[in-house]
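For reference, protein_17.cif (mmCIF, C-alpha atoms and all ligand atoms):
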data_target
#
loop_
_atom_site.label_atom_id
_atom_site.label_comp_id
_atom_site.auth_asym_id
_atom_site.auth_seq_id
_atom_site.Cartn_x
_atom_site.Cartn_y
_atom_site.Cartn_z
CA MET A 1 -88.51 -59.98 244.55
CA LYS A 2 -88.75 -60.11 240.80
CA ILE A 3 -88.23 -63.42 239.03
CA HIS A 4 -87.44 -62.80 235.39
CA LEU A 5 -88.80 -65.46 233.05
CA GLY A 6 -86.62 -66.42 230.10
CA ARG A 7 -87.72 -66.62 226.46
CA PHE A 8 -88.40 -70.34 226.78
CA ALA A 9 -90.51 -70.17 229.92
CA ASP A 10 -93.72 -72.16 229.40
CA SER A 11 -96.64 -73.29 231.49
CA GLY A 12 -94.42 -76.04 232.95
CA THR A 13 -91.92 -73.42 234.11
CA LYS A 14 -94.66 -71.41 235.76
CA ALA A 15 -96.14 -74.46 237.48
CA ALA A 16 -92.72 -75.53 238.82
CA LEU A 17 -92.08 -72.00 240.02
CA LYS A 18 -95.44 -71.86 241.75
CA THR A 19 -94.62 -75.07 243.64
CA LEU A 20 -91.17 -73.76 244.61
CA ILE A 21 -92.59 -70.45 245.86
CA GLY A 22 -95.16 -72.37 247.91
CA GLN A 23 -92.39 -74.51 249.45
CA PHE A 24 -90.02 -71.68 250.29
CA PHE A 25 -92.44 -68.88 251.04
CA PRO A 26 -95.66 -70.27 252.45
CA GLY A 27 -98.16 -67.47 252.83
CA SER A 28 -96.31 -65.07 250.51
CA LYS A 29 -97.98 -63.28 247.61
CA ALA A 30 -96.91 -64.22 244.08
CA GLU A 31 -98.12 -62.22 241.12
CA PHE A 32 -97.56 -63.91 237.77
CA ARG A 33 -97.04 -61.43 234.90
CA GLU A 34 -96.18 -61.84 231.23
CA SER A 35 -92.40 -62.14 231.63
CA SER A 36 -91.84 -61.99 235.37
CA VAL A 37 -93.20 -63.02 238.73
CA ILE A 38 -93.32 -60.64 241.69
CA VAL A 39 -93.09 -62.19 245.15
CA SER A 40 -93.63 -60.16 248.30
CA ASP A 41 -93.63 -60.81 252.07
CA PHE A 42 -90.67 -63.14 252.52
CA ARG A 43 -87.63 -63.38 254.78
CA PRO A 44 -84.14 -62.64 253.39
CA GLU A 45 -82.68 -65.86 254.88
CA THR A 46 -85.23 -67.94 252.98
CA ALA A 47 -84.67 -65.93 249.82
CA ALA A 48 -80.96 -66.79 249.92
CA ASP A 49 -81.86 -70.48 249.56
CA PHE A 50 -84.71 -69.87 247.15
CA ILE A 51 -82.68 -67.95 244.55
CA PRO A 52 -80.32 -70.78 243.46
CA ALA A 53 -83.23 -73.23 243.42
CA ALA A 54 -85.34 -70.90 241.26
CA GLU A 55 -82.49 -69.99 238.92
CA ALA A 56 -81.82 -73.70 238.38
CA LEU A 57 -85.32 -74.22 236.94
CA PRO A 58 -85.39 -74.39 233.14
CA GLY A 59 -86.90 -71.23 231.70
CA ILE A 60 -85.98 -68.94 234.60
CA SER A 61 -83.66 -66.12 233.63
CA TRP A 62 -82.66 -64.52 236.94
CA VAL A 63 -83.97 -63.39 240.30
CA GLN A 64 -83.71 -59.78 241.39
CA MET A 65 -84.19 -58.35 244.88
CA SER A 66 -84.61 -54.73 245.86
CA LEU A 67 -82.18 -53.07 248.30
CA ALA A 68 -84.89 -53.15 250.96
CA GLU A 69 -85.30 -56.89 250.46
CA GLU A 70 -81.58 -57.64 250.45
CA CYS A 71 -80.56 -55.27 253.25
CA PRO A 72 -83.68 -54.95 255.43
CA LEU A 73 -81.72 -53.85 258.50
CA ALA A 74 -79.48 -51.32 256.75
CA VAL A 75 -82.43 -49.83 254.91
CA SER A 76 -84.62 -49.52 258.01
CA ALA A 77 -81.99 -48.61 260.66
CA LYS A 78 -82.36 -45.10 262.03
CA LYS A 79 -79.84 -42.29 262.25
CA THR A 80 -79.03 -42.78 265.92
CA SER A 81 -75.85 -42.20 267.85
CA HIS A 82 -75.11 -42.02 271.54
CA ILE A 83 -71.89 -40.23 270.62
CA PHE A 84 -72.84 -37.56 268.13
CA ASP A 85 -75.64 -35.01 268.29
CA PHE A 86 -76.71 -34.65 264.69
CA SER A 87 -79.06 -31.81 265.54
CA LYS A 88 -76.06 -29.52 266.12
CA GLY A 89 -74.77 -29.41 262.56
CA SER A 90 -72.12 -31.35 260.68
CA ILE A 91 -69.88 -33.70 262.65
CA PHE A 92 -66.10 -33.46 262.31
CA ILE A 93 -63.91 -36.44 263.18
CA ALA A 94 -60.30 -35.35 262.76
CA GLY A 95 -56.77 -36.40 263.52
CA PRO A 96 -53.50 -37.59 262.06
CA CYS A 97 -53.57 -40.52 259.64
CA SER A 98 -51.65 -42.53 262.22
CA VAL A 99 -50.82 -42.08 265.88
CA ASP A 100 -47.06 -41.60 266.17
CA THR A 101 -45.33 -40.07 269.20
CA GLU A 102 -47.14 -39.18 272.40
CA GLU A 103 -45.87 -35.62 272.21
CA ASN A 104 -47.12 -35.03 268.67
CA TYR A 105 -50.43 -36.86 269.04
CA LEU A 106 -51.38 -35.10 272.27
CA SER A 107 -50.45 -31.68 270.87
CA CYS A 108 -52.56 -32.43 267.80
CA ALA A 109 -55.46 -33.69 269.93
CA LYS A 110 -55.51 -30.48 271.99
CA ALA A 111 -55.29 -28.30 268.89
CA LEU A 112 -58.06 -30.26 267.17
CA LYS A 113 -60.32 -29.89 270.18
CA GLU A 114 -59.61 -26.17 270.08
CA ALA A 115 -60.43 -26.15 266.36
CA GLY A 116 -63.88 -27.58 267.12
CA ALA A 117 -63.48 -31.27 266.26
CA ASP A 118 -66.21 -33.58 267.60
CA ALA A 119 -64.05 -36.72 267.74
CA LEU A 120 -60.46 -37.79 267.20
CA ARG A 121 -59.03 -40.17 264.64
CA ALA A 122 -57.02 -42.52 266.83
CA ALA A 123 -55.43 -44.87 264.31
CA LEU A 124 -53.17 -47.48 265.88
CA PHE A 125 -53.23 -50.01 263.04
CA LYS A 126 -52.49 -48.96 259.46
CA PRO A 127 -53.39 -51.28 256.60
CA ARG A 128 -50.63 -50.59 254.06
CA SER A 129 -50.11 -51.78 250.51
CA SER A 130 -46.47 -52.50 251.25
CA PRO A 131 -45.37 -54.82 254.05
CA TYR A 132 -42.31 -52.57 254.43
CA ALA A 133 -44.36 -49.43 255.10
CA PHE A 134 -45.16 -48.15 258.60
CA GLN A 135 -47.90 -50.40 260.00
CA GLY A 136 -49.01 -48.18 262.90
CA ILE A 137 -47.79 -48.33 266.47
CA GLY A 138 -50.44 -50.84 267.51
CA PHE A 139 -51.45 -51.26 271.14
CA ALA A 140 -48.20 -49.61 272.21
CA GLY A 141 -50.21 -46.45 271.52
CA ALA A 142 -53.14 -47.42 273.77
CA ASP A 143 -52.05 -45.13 276.60
CA ILE A 144 -51.47 -42.26 274.18
CA ILE A 145 -55.02 -42.32 272.80
CA LYS A 146 -56.43 -42.87 276.28
CA LYS A 147 -54.63 -39.72 277.46
CA ALA A 148 -55.88 -37.80 274.44
CA LYS A 149 -59.43 -38.74 275.34
CA GLU A 150 -58.94 -37.76 278.99
CA ILE A 151 -57.40 -34.41 278.11
CA THR A 152 -59.84 -33.41 275.38
CA GLY A 153 -62.98 -35.27 276.42
CA LEU A 154 -63.42 -36.21 272.76
CA PRO A 155 -64.52 -39.67 271.65
CA LEU A 156 -62.06 -41.79 269.66
CA VAL A 157 -62.40 -43.48 266.27
CA THR A 158 -59.98 -46.35 265.69
CA GLU A 159 -59.60 -48.55 262.65
CA VAL A 160 -59.80 -52.27 263.32
CA THR A 161 -57.91 -54.44 260.86
CA ASP A 162 -58.14 -57.85 262.52
CA THR A 163 -60.68 -59.68 264.66
CA ARG A 164 -57.99 -60.27 267.34
CA GLN A 165 -57.86 -56.53 268.08
CA ILE A 166 -61.54 -56.16 268.90
CA GLU A 167 -61.64 -57.31 272.52
CA LYS A 168 -58.99 -54.78 273.51
CA LEU A 169 -60.43 -51.98 271.40
CA VAL A 170 -63.84 -52.29 273.06
CA GLY A 171 -62.62 -50.69 276.29
CA LEU A 172 -60.28 -48.29 274.57
CA THR A 173 -62.01 -46.57 271.68
CA ASP A 174 -65.55 -45.33 271.04
CA ILE A 175 -66.13 -46.11 267.38
CA LEU A 176 -64.58 -48.89 265.32
CA GLN A 177 -63.56 -47.89 261.81
CA ILE A 178 -63.70 -50.48 259.05
CA GLY A 179 -61.42 -49.24 256.30
CA ALA A 180 -61.96 -49.36 252.57
CA ARG A 181 -59.79 -52.46 252.20
CA ASN A 182 -61.80 -54.36 254.78
CA MET A 183 -65.35 -53.49 253.77
CA ARG A 184 -65.48 -56.99 252.32
CA ALA A 185 -63.73 -58.75 255.24
CA TYR A 186 -66.91 -60.54 256.30
CA GLU A 187 -65.52 -62.33 259.36
CA LEU A 188 -64.21 -58.97 260.60
CA LEU A 189 -67.65 -57.44 260.01
CA LYS A 190 -69.34 -60.23 261.99
CA GLU A 191 -66.95 -59.84 264.91
CA ALA A 192 -67.19 -56.03 264.87
CA GLY A 193 -70.98 -56.42 264.87
CA ARG A 194 -70.86 -58.85 267.82
CA SER A 195 -68.84 -56.32 269.85
CA GLY A 196 -71.91 -54.06 269.95
CA MET A 197 -69.64 -51.06 269.28
CA PRO A 198 -70.68 -48.24 266.93
CA VAL A 199 -68.97 -48.81 263.59
CA LEU A 200 -68.00 -46.41 260.82
CA ILE A 201 -67.72 -48.37 257.60
CA LYS A 202 -66.02 -46.95 254.52
CA ARG A 203 -67.03 -47.88 251.01
CA SER A 204 -64.41 -50.02 249.28
CA ALA A 205 -62.87 -48.91 246.03
CA HIS A 206 -65.45 -49.35 243.26
CA ALA A 207 -67.97 -51.02 245.56
CA THR A 208 -71.59 -50.48 244.58
CA LEU A 209 -74.20 -49.07 246.95
CA ARG A 210 -75.62 -52.60 247.22
CA GLU A 211 -72.27 -54.09 248.26
CA TRP A 212 -71.66 -51.28 250.77
CA LEU A 213 -75.10 -51.68 252.33
CA LEU A 214 -74.74 -55.46 252.43
CA SER A 215 -71.58 -54.93 254.49
CA ALA A 216 -73.54 -52.62 256.79
CA GLU A 217 -76.17 -55.36 256.94
CA TYR A 218 -73.53 -57.79 258.28
CA LEU A 219 -72.70 -55.35 261.09
CA LEU A 220 -76.36 -54.84 262.00
CA LYS A 221 -77.29 -58.52 261.74
CA TYR A 222 -74.49 -59.49 264.12
CA GLY A 223 -75.35 -56.94 266.80
CA CYS A 224 -74.11 -53.47 265.90
CA LYS A 225 -76.67 -50.82 266.82
CA GLU A 226 -75.03 -47.72 265.36
CA VAL A 227 -73.59 -47.80 261.86
CA ILE A 228 -72.10 -44.79 260.09
CA LEU A 229 -71.53 -45.06 256.34
CA CYS A 230 -68.43 -43.28 255.04
CA GLU A 231 -67.82 -42.49 251.37
CA ARG A 232 -64.15 -41.96 250.51
CA GLY A 233 -63.86 -42.14 246.72
CA ASP A 234 -62.34 -44.98 244.77
CA GLY A 235 -58.65 -44.39 244.77
CA ILE A 236 -55.65 -42.64 246.21
CA GLY A 237 -54.83 -39.35 244.50
CA SER A 238 -57.35 -37.55 242.34
CA GLU A 239 -58.29 -40.20 239.82
CA PHE A 240 -61.53 -41.22 241.57
CA PRO A 241 -62.45 -38.49 244.08
CA VAL A 242 -65.25 -38.64 246.63
CA ASN A 243 -68.32 -39.94 244.84
CA LEU A 244 -71.03 -37.37 245.51
CA ASP A 245 -73.66 -39.47 243.73
CA MET A 246 -72.87 -42.30 246.11
CA ILE A 247 -73.44 -39.98 249.09
CA ARG A 248 -76.78 -38.93 247.59
CA ALA A 249 -77.76 -42.55 246.86
CA ALA A 250 -76.90 -43.63 250.41
CA LEU A 251 -78.98 -40.74 251.78
CA LYS A 252 -81.87 -41.62 249.51
CA ASN A 253 -81.93 -45.33 250.26
CA THR A 254 -81.18 -45.40 253.99
CA GLU A 255 -81.63 -43.32 257.11
CA LEU A 256 -78.13 -44.17 258.36
CA PRO A 257 -75.73 -41.30 258.98
CA VAL A 258 -73.60 -40.77 255.89
CA PHE A 259 -70.12 -39.33 256.37
CA SER A 260 -67.32 -38.70 253.93
CA ASP A 261 -63.55 -38.98 254.09
CA PRO A 262 -62.46 -36.26 251.65
CA CYS A 263 -58.73 -36.86 252.14
CA HIS A 264 -57.66 -40.28 250.91
CA SER A 265 -58.83 -39.87 247.33
CA ALA A 266 -57.64 -36.24 247.08
CA GLU A 267 -54.42 -35.23 245.42
CA GLY A 268 -53.44 -32.86 248.20
CA ALA A 269 -54.74 -30.99 251.21
CA SER A 270 -56.38 -28.24 249.18
CA ALA A 271 -58.23 -30.77 247.00
CA ALA A 272 -59.28 -32.52 250.23
CA THR A 273 -60.77 -29.26 251.50
CA ASP A 274 -62.73 -28.85 248.26
CA ALA A 275 -63.96 -32.44 248.51
CA ALA A 276 -65.01 -31.83 252.13
CA VAL A 277 -67.10 -28.82 251.09
CA ASN A 278 -68.65 -30.78 248.20
CA ALA A 279 -69.47 -33.77 250.40
CA LEU A 280 -71.29 -31.55 252.91
CA ALA A 281 -73.13 -29.79 250.08
CA ALA A 282 -74.23 -33.23 248.81
CA GLY A 283 -75.81 -33.83 252.21
CA ALA A 284 -73.13 -35.71 254.19
CA HIS A 285 -73.81 -35.53 257.93
CA GLY A 286 -70.15 -35.47 258.86
CA LEU A 287 -66.54 -35.81 257.79
CA LEU A 288 -63.60 -38.00 258.74
CA ILE A 289 -60.61 -35.80 258.11
CA GLU A 290 -56.86 -36.25 258.34
CA ALA A 291 -55.53 -33.16 260.07
CA GLU A 292 -52.54 -32.33 262.18
CA ILE A 293 -50.36 -29.47 263.34
CA ASN A 294 -47.55 -30.23 260.96
CA PRO A 295 -48.61 -32.48 258.07
CA HIS A 296 -45.08 -32.40 256.63
CA LYS A 297 -43.86 -34.41 259.58
CA ALA A 298 -46.64 -37.02 259.40
CA LYS A 299 -45.45 -40.61 259.24
CA THR A 300 -48.24 -41.45 256.79
CA ASP A 301 -50.42 -39.52 254.32
CA GLY A 302 -49.00 -36.05 255.06
CA ARG A 303 -49.63 -35.06 251.45
CA HIS A 304 -53.41 -34.92 251.81
CA THR A 305 -53.48 -34.09 255.54
CA MET A 306 -54.95 -30.68 256.38
CA THR A 307 -53.34 -28.32 258.82
CA VAL A 308 -55.24 -27.72 262.04
CA GLN A 309 -55.70 -24.09 260.92
CA SER A 310 -57.41 -25.05 257.68
CA LEU A 311 -59.57 -27.54 259.54
CA ALA A 312 -60.52 -24.85 262.06
CA ALA A 313 -61.54 -22.55 259.20
CA LEU A 314 -63.60 -25.33 257.60
CA ILE A 315 -65.38 -26.11 260.87
CA LYS A 316 -66.05 -22.44 261.51
CA ASP A 317 -67.52 -22.12 258.04
CA LYS A 318 -69.53 -25.35 257.91
CA LYS A 319 -70.58 -26.29 261.46
C1 LIG B 401 -57.67 -44.39 257.00
O1 LIG B 401 -58.70 -43.74 257.15
O2 LIG B 401 -56.74 -44.28 257.76
C2 LIG B 401 -57.53 -45.31 255.86
C3 LIG B 401 -56.66 -46.30 255.90
O3 LIG B 401 -58.32 -45.03 254.82
P1 LIG B 401 -58.99 -46.00 253.73
O4 LIG B 401 -59.49 -47.21 254.46
O5 LIG B 401 -60.08 -45.15 253.18
O6 LIG B 401 -57.95 -46.30 252.72
MN MN B 402 -54.41 -42.03 255.87
#
Reformat the file's structure so that it appears as structure tokens.
Amino acid sequence: MKIHLGRFADSGTKAALKTLIGQFFPGSKAEFRESSVIVSDFRPETAADFIPAAEALPGISWVQMSLAEECPLAVSAKKTSHIFDFSKGSIFIAGPCSVDTEENYLSCAKALKEAGADALRAALFKPRSSPYAFQGIGFAGADIIKKAKEITGLPLVTEVTDTRQIEKLVGLTDILQIGARNMRAYELLKEAGRSGMPVLIKRSAHATLREWLLSAEYLLKYGCKEVILCERGDGIGSEFPVNLDMIRAALKNTELPVFSDPCHSAEGASAATDAAVNALAAGAHGLLIEAEINPHKAKTDGRHTMTVQSLAALIKDKK
């Protein structure tokens, strides 16, 4: 932790700070420098209370923590999964944006298995900008995704949009997806963490690495053992495509698996394929891809949904 001293910091400021550090962090090391103080060996819970107290002292400019200090769990968690074998190449989670009819979803599931997918998108709940837009078929689709899992043997990834869905999803799906809109839904993160389920968490539009990892920290602090980070760009359409620097930064600062969703920020299916290739080249361990037999008939997001054939070609090329 670095405490920046302001221009008007004097010996009184330093003495008050020394007392405060002693109160909050007994046994910690504090190194007083010309314009800052470095404190090491403290707990993040205590730091949360210390920061406002320190910043309220006259002469203190601001308090800065490193990622490792703010997100100790996210930064130290290992790349583990009881679902995916990362030693066998890139992981492909694929499926329609939303589950629609049983006939279409099961045909897609079989074709995706054939294409080499490692897991199925099994989206029952769709967070939509418009309340008039299709909201997903909800738990009416539970039997459909269950059948898809039985037939293909593939694990399921299902977005959770509300804490009330979690209990039922625990026995139904294999990985909970927290979507870009909900990366900051902290009560949802706590409850998803408490479920003990593996969670794939997307980065919200324009969220920083710090904010993304703090959301992962919520999941881990509340009980999640397997977190997958998923970078998806900052918008819809091509304005802010998949952020390759963000993938690299996540890989550099954590050991968590880093995936990418190349579809939602892409202008169309061919741009999504390019983004998928770029994300893997940047080091992503896997992809979450919207793919189906006939994207033109998709109820949602057909525009950037890949055909099963193009997904099969991508998997063949990149697995
Ligand atoms: C999705 O993956 O279905 C989705 C809603 O994407 P995002 O959260 O990235 O918008
Ligand atoms: Mn979608």
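Here CA of Phe42 (chain A) is placed at a distance of 14.7 Å from CA of Lys18 (chain A).
Considering all atoms listed in the file, the residue among A:Ala15, A:Ala56, A:Leu73, A:Ala271 positioned nearest to Thr305 (chain A) is A:Ala271.
Here CA of Asn243 (chain A) and CA of Pro295 (chain A) stand 24.9 Å from one another.
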At a cut-off of 8 Å and counting all atoms listed in the file, what residues surround ligand LIG 401 (chain B)? Please answer as number ranges by chain. A: 97-98, 123, 126-128, 159, 177-182, 202-204, 232, 236, 261, 264-265, 288, 290
Across A:Asn278, A:Gln64, A:Ser215, A:Thr300, the smallest distance to Ala48 (chain A), with all atoms listed in the file counted, is shown by A:Gln64
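In terms of minimum interatomic distance to ligand MN 402 (chain B), A:Val99 ranks closest within A:Leu220, A:Leu172, A:Val99, A:Leu287, counting only C-alpha atoms and all ligand atoms.
A cut-off of 9 Å from the point (-65.9, -28.8, 265.9), with all atoms listed in the file, picks out the residues Ser90, Ile91, Phe92, Ile93, Leu112, Lys113, Glu114, Ala115, Gly116, Ala117, Asp118, Ala119, Ala312, Ile315, Lys316 and Lys319 of chain A.
Shortest separation to Asn104 (chain A) among A:Leu124, A:Ile144, A:Leu200, A:Asp234 occurs at residue A:Ile144, atoms counted being all atoms listed in the file.
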Can you list, as a PyMOL selection string, every protein, DNA or RNA residue that comes within 9 Å of Ser260 (chain A) when you count all atoms listed in the file, leaving out same-chain residues fewer than 3 positions away? chain A and resi 202+229-233+242+247+263+275-276+279-280+284-289
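The space between CA of Ile83 (chain A) and CA of Ala142 (chain A) spans 20.3 Å.
Nearest-residue note for Lys2 (chain A): choosing from A:Val37, A:Phe24, A:Pro96, A:Tyr132, the minimum distance belongs to A:Val37, counting all atoms listed in the file.
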Can you report as lines of an AutoDock Vina configuration file the centre and edge lengths in Å, to one decimal, of an axis-aligned box around the listed atoms of region 146-161 of chain A padded with 4 Å on each side?
center_x = -59.6
center_y = -43.9
center_z = 269.9
size_x = 17.9
size_y = 29.0
size_z = 26.1
Residue list as number ranges by chain for point (-89.8, -66.1, 243.4), cut-off 8 Å, all atoms listed in the file: A: 1-3, 17, 20-21, 30, 37-39, 50-51, 54, 63
Store the residues picked out above, limited to C-alpha atoms, as a PDB file, keeping the file's coordinate frame.
ATOM      1  CA  MET A   1     -88.510 -59.980 244.550  1.00  0.00           C
ATOM      2  CA  LYS A   2     -88.750 -60.110 240.800  1.00  0.00           C
ATOM      3  CA  ILE A   3     -88.230 -63.420 239.030  1.00  0.00           C
ATOM      4  CA  LEU A  17     -92.080 -72.000 240.020  1.00  0.00           C
ATOM      5  CA  LEU A  20     -91.170 -73.760 244.610  1.00  0.00           C
ATOM      6  CA  ILE A  21     -92.590 -70.450 245.860  1.00  0.00           C
ATOM      7  CA  ALA A  30     -96.910 -64.220 244.080  1.00  0.00           C
ATOM      8  CA  VAL A  37     -93.200 -63.020 238.730  1.00  0.00           C
ATOM      9  CA  ILE A  38     -93.320 -60.640 241.690  1.00  0.00           C
ATOM     10  CA  VAL A  39     -93.090 -62.190 245.150  1.00  0.00           C
ATOM     11  CA  PHE A  50     -84.710 -69.870 247.150  1.00  0.00           C
ATOM     12  CA  ILE A  51     -82.680 -67.950 244.550  1.00  0.00           C
ATOM     13  CA  ALA A  54     -85.340 -70.900 241.260  1.00  0.00           C
ATOM     14  CA  VAL A  63     -83.970 -63.390 240.300  1.00  0.00           C
TER      15      VAL A  63
END
Give me the residues near region 208-210 of chain A as a PyMOL selection string, where near means some atom within 9 Å (using only C-alpha atoms) and where sequence neighbours in that chain fewer than 2 positions away do not count. chain A and resi 67+70-71+203-206+212-215+246+249-250
Of A:Pro44, A:Pro131, A:Pro198, A:Gly302, the one sitting nearest ligand MN 402 (chain B) when using all atoms listed in the file is A:Gly302
For Gly283 (chain A), please output as a list in words all residues within 9 Å (counting only C-alpha atoms; exclusion window: fewer than 6 positions along the same chain). Leu244, Ile247, Arg248, Leu251, Val258 and Phe259 of chain A
Using only C-alpha atoms, determine which residues lie at most 8 Å from Ala216 (chain A), disregarding the query and same-chain residues fewer than 5 positions distant; provide the list as a ChimeraX atom specification. /A:74,201,227,229
